[in-house]
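Structure data follow from protein-v3.pdb (PDB, C-alpha atoms, pLDDT in the B column):
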ATOM      1  CA  MET A  12       7.746  12.136  -2.710  1.00 70.00           C
ATOM      2  CA  SER A  13       6.090  10.940   0.503  1.00 87.00           C
ATOM      3  CA  TYR A  14       3.022   9.286  -1.029  1.00 94.00           C
ATOM      4  CA  ILE A  15       1.279   8.249  -4.234  1.00 96.00           C
ATOM      5  CA  ILE A  16      -2.409   7.899  -5.107  1.00 97.00           C
ATOM      6  CA  GLN A  17      -3.681   5.405  -7.662  1.00 96.00           C
ATOM      7  CA  LYS A  18      -6.809   3.538  -8.736  1.00 97.00           C
ATOM      8  CA  ILE A  19      -6.724  -0.149  -7.751  1.00 98.00           C
ATOM      9  CA  LEU A  20     -10.340  -1.391  -7.980  1.00 98.00           C
ATOM     10  CA  ASN A  21     -13.189  -0.535 -10.330  1.00 98.00           C
ATOM     11  CA  LYS A  22     -16.759  -0.063  -9.097  1.00 97.00           C
ATOM     12  CA  LYS A  23     -17.743  -3.718  -9.519  1.00 98.00           C
ATOM     13  CA  GLN A  24     -14.631  -4.946  -7.721  1.00 98.00           C
ATOM     14  CA  VAL A  25     -15.339  -2.603  -4.804  1.00 98.00           C
ATOM     15  CA  GLU A  26     -18.854  -4.036  -4.536  1.00 98.00           C
ATOM     16  CA  ASP A  27     -17.441  -7.573  -4.719  1.00 98.00           C
ATOM     17  CA  VAL A  28     -15.095  -6.840  -1.800  1.00 98.00           C
ATOM     18  CA  LYS A  29     -17.960  -5.434   0.266  1.00 97.00           C
ATOM     19  CA  ARG A  30     -20.096  -8.480  -0.526  1.00 97.00           C
ATOM     20  CA  TYR A  31     -17.312 -10.821   0.586  1.00 96.00           C
ATOM     21  CA  LEU A  32     -16.948  -8.870   3.834  1.00 96.00           C
ATOM     22  CA  ASP A  33     -20.643  -9.366   4.596  1.00 94.00           C
ATOM     23  CA  LYS A  34     -19.698 -12.993   5.359  1.00 92.00           C
ATOM     24  CA  CYS A  35     -17.064 -11.966   7.920  1.00 94.00           C
ATOM     25  CA  GLN A  36     -17.061 -11.373  11.649  1.00 91.00           C
ATOM     26  CA  TRP A  37     -16.409  -7.729  12.579  1.00 94.00           C
ATOM     27  CA  ASP A  38     -14.448  -7.176  15.809  1.00 92.00           C
ATOM     28  CA  ASP A  39     -13.572  -4.171  17.952  1.00 91.00           C
ATOM     29  CA  GLY A  40     -10.766  -2.235  16.251  1.00 87.00           C
ATOM     30  CA  LEU A  41      -8.868  -1.974  19.531  1.00 86.00           C
ATOM     31  CA  ASP A  42      -7.963  -5.658  19.179  1.00 79.00           C
ATOM     32  CA  THR A  43      -5.325  -4.730  16.549  1.00 75.00           C
ATOM     33  CA  VAL A  44      -3.686  -1.789  18.353  1.00 73.00           C
ATOM     34  CA  ASP A  45       0.077  -2.335  18.771  1.00 63.00           C
ATOM     35  CA  GLY A  46       0.951  -3.100  22.383  1.00 56.00           C
ATOM     36  CA  GLY A  47      -2.660  -2.888  23.482  1.00 54.00           C
ATOM     37  CA  GLY A  48      -2.760   0.909  23.249  1.00 56.00           C
ATOM     38  CA  SER A  49      -5.174   3.289  24.903  1.00 66.00           C
ATOM     39  CA  HIS A  50      -8.831   2.294  25.036  1.00 74.00           C
ATOM     40  CA  THR A  51      -9.660   5.701  23.522  1.00 86.00           C
ATOM     41  CA  ILE A  52      -7.192   5.745  20.587  1.00 92.00           C
ATOM     42  CA  LYS A  53      -9.715   4.473  18.047  1.00 94.00           C
ATOM     43  CA  LYS A  54     -13.348   3.626  17.679  1.00 95.00           C
ATOM     44  CA  ASN A  55     -14.198   1.350  14.759  1.00 96.00           C
ATOM     45  CA  LYS A  56     -14.933  -2.223  13.712  1.00 96.00           C
ATOM     46  CA  GLU A  57     -12.430  -4.391  11.855  1.00 96.00           C
ATOM     47  CA  VAL A  58     -12.013  -7.610   9.969  1.00 95.00           C
ATOM     48  CA  SER A  59      -8.480  -8.993  10.120  1.00 90.00           C
ATOM     49  CA  GLU A  60      -6.937 -12.361   9.271  1.00 85.00           C
ATOM     50  CA  GLN A  61      -9.733 -14.947   9.117  1.00 83.00           C
ATOM     51  CA  LEU A  62      -9.857 -18.422   7.631  1.00 78.00           C
ATOM     52  CA  GLY A  63     -13.282 -17.981   6.050  1.00 81.00           C
ATOM     53  CA  SER A  64     -13.775 -17.529   2.299  1.00 90.00           C
ATOM     54  CA  GLY A  65     -15.138 -13.990   2.739  1.00 94.00           C
ATOM     55  CA  TYR A  66     -11.885 -12.542   4.065  1.00 96.00           C
ATOM     56  CA  GLN A  67      -9.733 -14.582   1.703  1.00 95.00           C
ATOM     57  CA  ASP A  68     -11.757 -13.609  -1.375  1.00 96.00           C
ATOM     58  CA  ALA A  69     -11.708  -9.917  -0.428  1.00 97.00           C
ATOM     59  CA  CYS A  70      -7.915  -9.992  -0.012  1.00 97.00           C
ATOM     60  CA  SER A  71      -7.414 -11.915  -3.262  1.00 97.00           C
ATOM     61  CA  THR A  72      -9.412  -9.328  -5.198  1.00 98.00           C
ATOM     62  CA  ILE A  73      -7.244  -6.504  -3.892  1.00 98.00           C
ATOM     63  CA  PHE A  74      -3.855  -8.168  -4.260  1.00 97.00           C
ATOM     64  CA  ARG A  75      -4.701  -9.512  -7.730  1.00 96.00           C
ATOM     65  CA  ASN A  76      -5.392  -5.973  -8.954  1.00 97.00           C
ATOM     66  CA  LEU A  77      -2.430  -4.516  -7.093  1.00 96.00           C
ATOM     67  CA  GLU A  78      -0.148  -6.628  -9.280  1.00 94.00           C
ATOM     68  CA  TYR A  79      -1.149  -4.488 -12.290  1.00 93.00           C
ATOM     69  CA  SER A  80      -0.106  -1.192 -10.676  1.00 95.00           C
ATOM     70  CA  VAL A  81       3.187  -0.114 -12.223  1.00 94.00           C
ATOM     71  CA  GLU A  82       3.167   3.083 -10.129  1.00 94.00           C
ATOM     72  CA  TYR A  83       2.908   1.083  -6.899  1.00 96.00           C
ATOM     73  CA  ALA A  84       5.741  -1.218  -7.994  1.00 95.00           C
ATOM     74  CA  ASP A  85       7.988   1.711  -8.945  1.00 94.00           C
ATOM     75  CA  PHE A  86       7.298   3.586  -5.701  1.00 95.00           C
ATOM     76  CA  CYS A  87       7.631   0.685  -3.247  1.00 95.00           C
ATOM     77  CA  VAL A  88       9.818  -1.881  -5.045  1.00 94.00           C
ATOM     78  CA  PRO A  89       7.741  -4.351  -3.001  1.00 95.00           C
ATOM     79  CA  THR A  90       8.769  -7.741  -1.739  1.00 93.00           C
ATOM     80  CA  ASN A  91       5.801  -8.465   0.541  1.00 93.00           C
ATOM     81  CA  SER A  92       2.419  -6.902   1.371  1.00 94.00           C
ATOM     82  CA  GLY A  93      -0.277  -7.675   3.921  1.00 90.00           C
ATOM     83  CA  PRO A  94      -2.103  -8.909   5.832  1.00 94.00           C
ATOM     84  CA  ILE A  95      -5.094  -6.668   5.174  1.00 97.00           C
ATOM     85  CA  ILE A  96      -7.216  -5.102   7.902  1.00 96.00           C
ATOM     86  CA  PHE A  97     -10.680  -3.993   6.776  1.00 97.00           C
ATOM     87  CA  SER A  98     -11.988  -1.077   8.817  1.00 97.00           C
ATOM     88  CA  LYS A  99     -15.556   0.178   9.222  1.00 97.00           C
ATOM     89  CA  THR A 100     -15.975   3.531  10.973  1.00 98.00           C
ATOM     90  CA  THR A 101     -19.511   4.751  11.628  1.00 97.00           C
ATOM     91  CA  THR A 102     -20.850   8.019  13.060  1.00 98.00           C
ATOM     92  CA  GLY A 103     -18.750   9.056  16.060  1.00 97.00           C
ATOM     93  CA  GLY A 104     -15.851   6.759  15.128  1.00 97.00           C
ATOM     94  CA  TYR A 105     -12.239   7.902  14.730  1.00 96.00           C
ATOM     95  CA  TYR A 106      -8.563   6.935  14.945  1.00 95.00           C
ATOM     96  CA  LYS A 107      -6.499   9.450  16.902  1.00 96.00           C
ATOM     97  CA  PRO A 108      -2.945  10.536  15.925  1.00 95.00           C
ATOM     98  CA  HIS A 109      -0.507   7.631  15.922  1.00 93.00           C
ATOM     99  CA  HIS A 110       2.483   6.065  14.171  1.00 89.00           C
ATOM    100  CA  ASP A 111       2.430   2.695  12.417  1.00 90.00           C
ATOM    101  CA  HIS A 112       4.925   0.362  14.089  1.00 88.00           C
ATOM    102  CA  TYR A 113       8.237   0.073  12.247  1.00 87.00           C
ATOM    103  CA  THR A 114       7.925  -3.733  12.072  1.00 91.00           C
ATOM    104  CA  HIS A 115       4.963  -3.411   9.695  1.00 92.00           C
ATOM    105  CA  GLY A 116       7.190  -2.464   6.773  1.00 93.00           C
ATOM    106  CA  HIS A 117       8.263   0.544   4.747  1.00 95.00           C
ATOM    107  CA  TYR A 118       4.896   1.726   3.410  1.00 96.00           C
ATOM    108  CA  SER A 119       1.329   2.065   4.677  1.00 97.00           C
ATOM    109  CA  ASN A 120      -1.591   1.621   2.265  1.00 98.00           C
ATOM    110  CA  THR A 121      -5.195   2.778   2.644  1.00 98.00           C
ATOM    111  CA  LEU A 122      -7.626   1.602  -0.037  1.00 98.00           C
ATOM    112  CA  PHE A 123     -10.957   3.439   0.118  1.00 98.00           C
ATOM    113  CA  LEU A 124     -14.089   1.277  -0.224  1.00 98.00           C
ATOM    114  CA  SER A 125     -16.626   4.074   0.369  1.00 98.00           C
ATOM    115  CA  ASP A 126     -17.210   7.130  -1.820  1.00 97.00           C
ATOM    116  CA  PRO A 127     -16.836  10.558  -0.156  1.00 97.00           C
ATOM    117  CA  SER A 128     -20.588  11.092  -0.632  1.00 97.00           C
ATOM    118  CA  GLU A 129     -21.321   8.157   1.715  1.00 97.00           C
ATOM    119  CA  TYR A 130     -19.938   9.820   4.860  1.00 98.00           C
ATOM    120  CA  GLU A 131     -18.982  13.137   6.407  1.00 98.00           C
ATOM    121  CA  GLY A 132     -15.674  13.640   8.195  1.00 98.00           C
ATOM    122  CA  GLY A 133     -13.423  10.590   8.311  1.00 97.00           C
ATOM    123  CA  GLU A 134     -10.529  12.161   6.425  1.00 98.00           C
ATOM    124  CA  LEU A 135      -7.142  10.438   6.556  1.00 98.00           C
ATOM    125  CA  CYS A 136      -4.901  13.196   7.908  1.00 98.00           C
ATOM    126  CA  LEU A 137      -1.172  12.923   7.150  1.00 97.00           C
ATOM    127  CA  PHE A 138       1.531  15.117   8.663  1.00 96.00           C
ATOM    128  CA  VAL A 139       3.715  15.743   5.602  1.00 93.00           C
ATOM    129  CA  ASP A 140       6.373  18.462   5.202  1.00 89.00           C
ATOM    130  CA  GLN A 141       5.339  20.101   8.484  1.00 91.00           C
ATOM    131  CA  ARG A 142       1.697  20.451   7.459  1.00 94.00           C
ATOM    132  CA  VAL A 143      -1.455  18.340   7.654  1.00 96.00           C
ATOM    133  CA  GLU A 144      -2.859  16.960   4.404  1.00 96.00           C
ATOM    134  CA  LYS A 145      -6.431  15.635   4.461  1.00 97.00           C
ATOM    135  CA  ILE A 146      -7.122  12.696   2.156  1.00 97.00           C
ATOM    136  CA  LYS A 147     -10.587  11.478   1.168  1.00 98.00           C
ATOM    137  CA  LEU A 148     -10.638   9.422  -2.017  1.00 98.00           C
ATOM    138  CA  GLU A 149     -13.228   7.816  -4.264  1.00 98.00           C
ATOM    139  CA  ALA A 150     -13.976   4.129  -3.718  1.00 98.00           C
ATOM    140  CA  GLY A 151     -11.328   1.984  -5.403  1.00 98.00           C
ATOM    141  CA  MET A 152      -8.567   4.589  -4.988  1.00 98.00           C
ATOM    142  CA  MET A 153      -5.568   3.904  -2.740  1.00 98.00           C
ATOM    143  CA  ILE A 154      -2.940   6.081  -1.081  1.00 98.00           C
ATOM    144  CA  THR A 155       0.488   4.611  -0.316  1.00 98.00           C
ATOM    145  CA  TYR A 156       2.716   6.598   2.041  1.00 96.00           C
ATOM    146  CA  ASP A 157       5.887   6.273   4.096  1.00 94.00           C
ATOM    147  CA  CYS A 158       5.161   4.142   7.144  1.00 92.00           C
ATOM    148  CA  GLY A 159       6.707   6.616   9.600  1.00 89.00           C
ATOM    149  CA  ILE A 160       4.364   9.501   8.773  1.00 94.00           C
ATOM    150  CA  PRO A 161       2.181  10.527  11.759  1.00 95.00           C
ATOM    151  CA  HIS A 162      -1.487  10.256  10.826  1.00 97.00           C
ATOM    152  CA  GLN A 163      -5.037  10.011  12.099  1.00 97.00           C
ATOM    153  CA  VAL A 164      -8.605   9.458  10.897  1.00 98.00           C
ATOM    154  CA  SER A 165     -10.837  12.389  11.815  1.00 97.00           C
ATOM    155  CA  THR A 166     -14.201  11.713  13.457  1.00 98.00           C
ATOM    156  CA  VAL A 167     -16.932  10.468  11.138  1.00 98.00           C
ATOM    157  CA  THR A 168     -19.852  12.822  11.691  1.00 98.00           C
ATOM    158  CA  SER A 169     -22.375  10.919   9.551  1.00 98.00           C
ATOM    159  CA  GLY A 170     -22.527   7.827   7.354  1.00 98.00           C
ATOM    160  CA  GLU A 171     -20.023   4.985   7.199  1.00 98.00           C
ATOM    161  CA  ARG A 172     -16.371   4.943   6.136  1.00 98.00           C
ATOM    162  CA  ASN A 173     -14.987   1.629   4.825  1.00 98.00           C
ATOM    163  CA  VAL A 174     -11.323   1.108   3.947  1.00 98.00           C
ATOM    164  CA  ALA A 175      -8.755  -1.646   3.562  1.00 98.00           C
ATOM    165  CA  VAL A 176      -5.414  -1.058   5.300  1.00 97.00           C
ATOM    166  CA  PHE A 177      -2.179  -2.990   4.839  1.00 97.00           C
ATOM    167  CA  TRP A 178       1.574  -2.523   4.855  1.00 97.00           C
ATOM    168  CA  THR A 179       4.316  -3.191   2.321  1.00 97.00           C
ATOM    169  CA  GLU A 180       7.908  -4.239   2.765  1.00 96.00           C
ATOM    170  CA  SER A 181      10.361  -3.042   0.129  1.00 95.00           C
ATOM    171  CA  GLN A 182      13.303  -4.948  -1.275  1.00 92.00           C
ATOM    172  CA  TYR A 183      15.481  -2.073  -0.045  1.00 92.00           C
ATOM    173  CA  ASN A 184      15.851  -0.589   3.413  1.00 90.00           C
ATOM    174  CA  ASP A 185      17.778   2.336   1.972  1.00 89.00           C
ATOM    175  CA  LYS A 186      15.461   4.753   0.160  1.00 88.00           C
ATOM    176  CA  ARG A 187      18.256   5.910  -2.149  1.00 90.00           C
ATOM    177  CA  LEU A 188      18.797   2.381  -3.473  1.00 91.00           C
ATOM    178  CA  ARG A 189      15.027   2.019  -3.846  1.00 91.00           C
ATOM    179  CA  GLN A 190      14.887   5.105  -6.054  1.00 92.00           C
ATOM    180  CA  ILE A 191      17.848   3.971  -8.177  1.00 93.00           C
ATOM    181  CA  HIS A 192      16.181   0.577  -8.677  1.00 93.00           C
ATOM    182  CA  SER A 193      12.925   2.258  -9.740  1.00 93.00           C
ATOM    183  CA  ASP A 194      14.676   4.531 -12.222  1.00 94.00           C
ATOM    184  CA  VAL A 195      16.560   1.640 -13.821  1.00 95.00           C
ATOM    185  CA  VAL A 196      13.401  -0.475 -14.093  1.00 93.00           C
ATOM    186  CA  LYS A 197      11.596   2.434 -15.782  1.00 93.00           C
ATOM    187  CA  ALA A 198      14.457   2.725 -18.277  1.00 95.00           C
ATOM    188  CA  CYS A 199      14.155  -1.008 -19.050  1.00 94.00           C
ATOM    189  CA  ARG A 200      10.434  -0.596 -19.707  1.00 93.00           C
ATOM    190  CA  ILE A 201      11.095   2.243 -22.134  1.00 94.00           C
ATOM    191  CA  LEU A 202      13.694   0.168 -23.981  1.00 94.00           C
ATOM    192  CA  GLY A 203      11.211  -2.660 -24.507  1.00 94.00           C
ATOM    193  CA  PRO A 204      11.417  -6.467 -24.163  1.00 92.00           C
ATOM    194  CA  ALA A 205      14.710  -8.181 -23.385  1.00 90.00           C
ATOM    195  CA  LYS A 206      16.596  -9.753 -26.261  1.00 92.00           C
ATOM    196  CA  THR A 207      18.487 -13.030 -26.543  1.00 94.00           C
ATOM    197  CA  PHE A 208      22.128 -12.874 -27.619  1.00 94.00           C
ATOM    198  CA  ASP A 209      24.497 -15.481 -28.996  1.00 94.00           C
ATOM    199  CA  THR A 210      27.633 -14.030 -27.443  1.00 95.00           C
ATOM    200  CA  ILE A 211      28.695 -12.047 -24.384  1.00 93.00           C
ATOM    201  CA  GLU A 212      30.182  -9.428 -26.690  1.00 94.00           C
ATOM    202  CA  GLU A 213      26.776  -8.807 -28.283  1.00 94.00           C
ATOM    203  CA  SER A 214      25.062  -8.551 -24.890  1.00 94.00           C
ATOM    204  CA  GLN A 215      27.463  -5.842 -23.778  1.00 93.00           C
ATOM    205  CA  GLU A 216      26.357  -3.632 -26.668  1.00 93.00           C
ATOM    206  CA  ASP A 217      22.718  -3.738 -25.529  1.00 95.00           C
ATOM    207  CA  PRO A 218      21.625  -1.041 -23.006  1.00 95.00           C
ATOM    208  CA  ARG A 219      18.769  -3.088 -21.563  1.00 94.00           C
ATOM    209  CA  PHE A 220      21.036  -6.061 -20.862  1.00 95.00           C
ATOM    210  CA  ILE A 221      23.459  -3.778 -19.041  1.00 94.00           C
ATOM    211  CA  LEU A 222      20.664  -2.131 -17.031  1.00 95.00           C
ATOM    212  CA  GLU A 223      19.402  -5.551 -15.936  1.00 93.00           C
ATOM    213  CA  GLN A 224      22.938  -6.223 -14.734  1.00 93.00           C
ATOM    214  CA  VAL A 225      22.732  -2.985 -12.693  1.00 93.00           C
ATOM    215  CA  ILE A 226      19.470  -4.176 -11.094  1.00 91.00           C
ATOM    216  CA  ASN A 227      21.058  -7.458 -10.072  1.00 91.00           C
ATOM    217  CA  ASN A 228      24.119  -5.708  -8.687  1.00 91.00           C
ATOM    218  CA  LEU A 229      21.873  -3.383  -6.668  1.00 89.00           C
ATOM    219  CA  GLY A 230      20.209  -6.446  -5.178  1.00 85.00           C
ATOM    220  CA  ARG A 231      23.576  -7.887  -4.183  1.00 85.00           C
ATOM    221  CA  LEU A 232      24.629  -4.566  -2.666  1.00 80.00           C
ATOM    222  CA  ASN A 233      21.383  -4.469  -0.712  1.00 75.00           C
ATOM    223  CA  GLU A 234      22.041  -7.926   0.734  1.00 69.00           C
ATOM    224  CA  ASN A 235      25.289  -6.630   2.220  1.00 55.00           C
ATOM    225  CA  TRP A 236      24.015  -3.184   3.269  1.00 49.00           C
TER     226      TRP A 236
END
Written form, structure tokens:
Amino acid sequence: MSYIIQKILNKKQVEDVKRYLDKCQWDDGLDTVDGGGSHTIKKNKEVSEQLGSGYQDACSTIFRNLEYSVEYADFCVPTNSGPIIFSKTTTGGYYKPHHDHYTHGHYSNTLFLSDPSEYEGGELCLFVDQRVEKIKLEAGMMITYDCGIPHQVSTVTSGERNVAVFWTESQYNDKRLRQIHSDVVKACRILGPAKTFDTIEESQEDPRFILEQVINNLGRLNENW
């Protein structure tokens, strides 16, 4: 699976984020292009790392809710996410085909802050399995996809497209280990809360205890990978 889609913010939280961003300074999106880039690669306005309360409160709202997403945790096995770039693309704006730099992390995230009815065009286009998939989600929904996937934002023909973009680093560089970790964690959830044992012998009869041991051993293997 190359990507997942999930709901992160409800309607009120989306409006809160937009209200916080009203306090921020919006800069030319070209300021955040890796290596300077071409002056024609994108046309938008952005808010990136700022010390003011507006940016900090907007980020806190998103990351606080992200912590509740089991699907995101299972897919990414995250260790670190951020910083967030907030993007505003108005009529005539775009982001041409590009790759996210490998130093950003393992996964790219786009959280939509505008409903599809608020703008025309502006689809997030992903090149997946040798075909282009066009993504345009309701406000509060987020797509998380492999960082190496080529993608673009098609030209906005009317209205205004607002999104939050950030990257996630996984605990595992190897995708196979990441999947094994996710499967074991899911099994632990199904088995229920961890128990306390009086003896080692008792612990070795409990499947959840043994699976937690597998998770720890995977982490040690990853450190030496």
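Taking all atoms listed in the file into account, Asn233 (chain A) lies nearest to A:Tyr183 out of the set A:Phe208, A:Tyr183, A:Phe138, A:Phe177.
Residues in contact with Ser119 (chain A) at up to 6 Å, not including ones fewer than 4 positions away on its chain and judged by all atoms listed in the file, are Thr155, Tyr156, Cys158 and Trp178 of chain A.
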From the list A:Leu62, A:Leu229, A:Val176, A:Val143, which residue is nearest Val196 (chain A) when using only C-alpha atoms?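 For Val196 (chain A), the nearest of the given residues is A:Leu229.
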I would like the residues chosen by the PyMOL selection byres ((chain A and resi 170) around 12) on the shown file; could you give them as a PyMOL selection string? chain A and resi 99-104+125-133+166-169+171-173
So the first atom is CA of Asp68 (chain A) and the second is CA of Asp33 (chain A); what is the distance between them in Å, to one decimal place?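 Those two atoms sit 11.5 Å apart.
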What is the CA of Ile96 (chain A) to CA of Asn184 (chain A) distance in Å? 23.9 Å
From CA of Ser71 (chain A) to CA of Val58 (chain A) the spacing works out at 14.7 Å
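Taken over the whole file, the PyMOL selection byres ((chain A and resi 134) around 7) covers exactly A:Gly132, A:Gly133, A:Leu135, A:Cys136, A:Lys145, A:Ile146, A:Lys147, A:Val164, A:Ser165.
For the choices A:Leu124, A:Gly40, A:Tyr106, A:Thr51, the atom-to-atom distance to Val28 (chain A) is smallest for A:Leu124 when using all atoms listed in the file.
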Smallest atom-to-atom distance to Val174 (chain A): which of A:Tyr66, A:His115, A:Glu57, A:Asn21, using all atoms listed in the file?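 Distance minimum relative to Val174 (chain A) lands on A:Glu57.
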Which centre and which edge lengths, in Å to one decimal, describe the axis-aligned box that holds all listed atoms of region 163-181 of chain A after 3 Å is added on each side, as AutoDock Vina command-line options?
--center_x -6.1 --center_y 4.3 --center_z 6.8 --size_x 38.9 --size_y 23.1 --size_z 19.3
If we count only C-alpha atoms and set the cut-off at 9 Å, which residues sit around Ser59 (chain A), ignoring sequence neighbours fewer than 6 positions away in its own chain? Please answer as an mmCIF file with C-alpha atoms, in the frame of the given file.
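Result file out.cif:
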data_model
loop_
_atom_site.group_PDB
_atom_site.id
_atom_site.type_symbol
_atom_site.label_atom_id
_atom_site.label_comp_id
_atom_site.auth_asym_id
_atom_site.auth_seq_id
_atom_site.Cartn_x
_atom_site.Cartn_y
_atom_site.Cartn_z
ATOM 1 C CA TRP A 37 -16.409 -7.729 12.579
ATOM 2 C CA ASP A 38 -14.448 -7.176 15.809
ATOM 3 C CA THR A 43 -5.325 -4.730 16.549
ATOM 4 C CA TYR A 66 -11.885 -12.542 4.065
ATOM 5 C CA PRO A 94 -2.103 -8.909 5.832
ATOM 6 C CA ILE A 95 -5.094 -6.668 5.174
ATOM 7 C CA ILE A 96 -7.216 -5.102 7.902
ATOM 8 C CA PHE A 97 -10.680 -3.993 6.776
ATOM 9 C CA SER A 98 -11.988 -1.077 8.817
#
Quick one: residues within 12 Å of Asp27 (chain A), only C-alpha atoms counted, chain neighbours fewer than 2 positions away excluded, as a list in words?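 These residues fall inside the cut-off: Leu20, Asn21, Lys22, Lys23, Gln24, Val25, Lys29, Arg30, Tyr31, Leu32, Asp33, Lys34, Gly65, Tyr66, Asp68, Ala69, Cys70, Ser71, Thr72, Ile73, Leu124 and Gly151 of chain A.
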Could you write out that same residue set with C-alpha atoms as a compact mmCIF listing (two decimals), keeping the file's coordinate frame?
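Here's the written file out14.txt:
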# COMPACT_ATOMS: atom_id res chain seq x y z
CA LEU A 20 -10.34 -1.39 -7.98
CA ASN A 21 -13.19 -0.54 -10.33
CA LYS A 22 -16.76 -0.06 -9.10
CA LYS A 23 -17.74 -3.72 -9.52
CA GLN A 24 -14.63 -4.95 -7.72
CA VAL A 25 -15.34 -2.60 -4.80
CA LYS A 29 -17.96 -5.43 0.27
CA ARG A 30 -20.10 -8.48 -0.53
CA TYR A 31 -17.31 -10.82 0.59
CA LEU A 32 -16.95 -8.87 3.83
CA ASP A 33 -20.64 -9.37 4.60
CA LYS A 34 -19.70 -12.99 5.36
CA GLY A 65 -15.14 -13.99 2.74
CA TYR A 66 -11.88 -12.54 4.07
CA ASP A 68 -11.76 -13.61 -1.38
CA ALA A 69 -11.71 -9.92 -0.43
CA CYS A 70 -7.92 -9.99 -0.01
CA SER A 71 -7.41 -11.92 -3.26
CA THR A 72 -9.41 -9.33 -5.20
CA ILE A 73 -7.24 -6.50 -3.89
CA LEU A 124 -14.09 1.28 -0.22
CA GLY A 151 -11.33 1.98 -5.40
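Minimum atom-to-atom distances from A:Ile154, A:Val139, A:Leu41, A:Leu148 to Ile16 (chain A) were compared using all atoms listed in the file, and the lowest value belongs to A:Ile154.
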What would the selection look like, as a PyMOL selection string, if the PyMOL selection byres ((chain A and resi 84) around 12) were run on the coordinates I just shared? chain A and resi 15+17+77-83+85-92+118+155+179-182+189-190+192-194+196-197
Using only C-alpha atoms, pick whichever of A:Phe123, A:Arg200, A:Val195, A:Phe74 has the shortest atom-to-atom distance to Leu222 (chain A).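 Residue with the minimum atom-to-atom distance to Leu222 (chain A): A:Val195.
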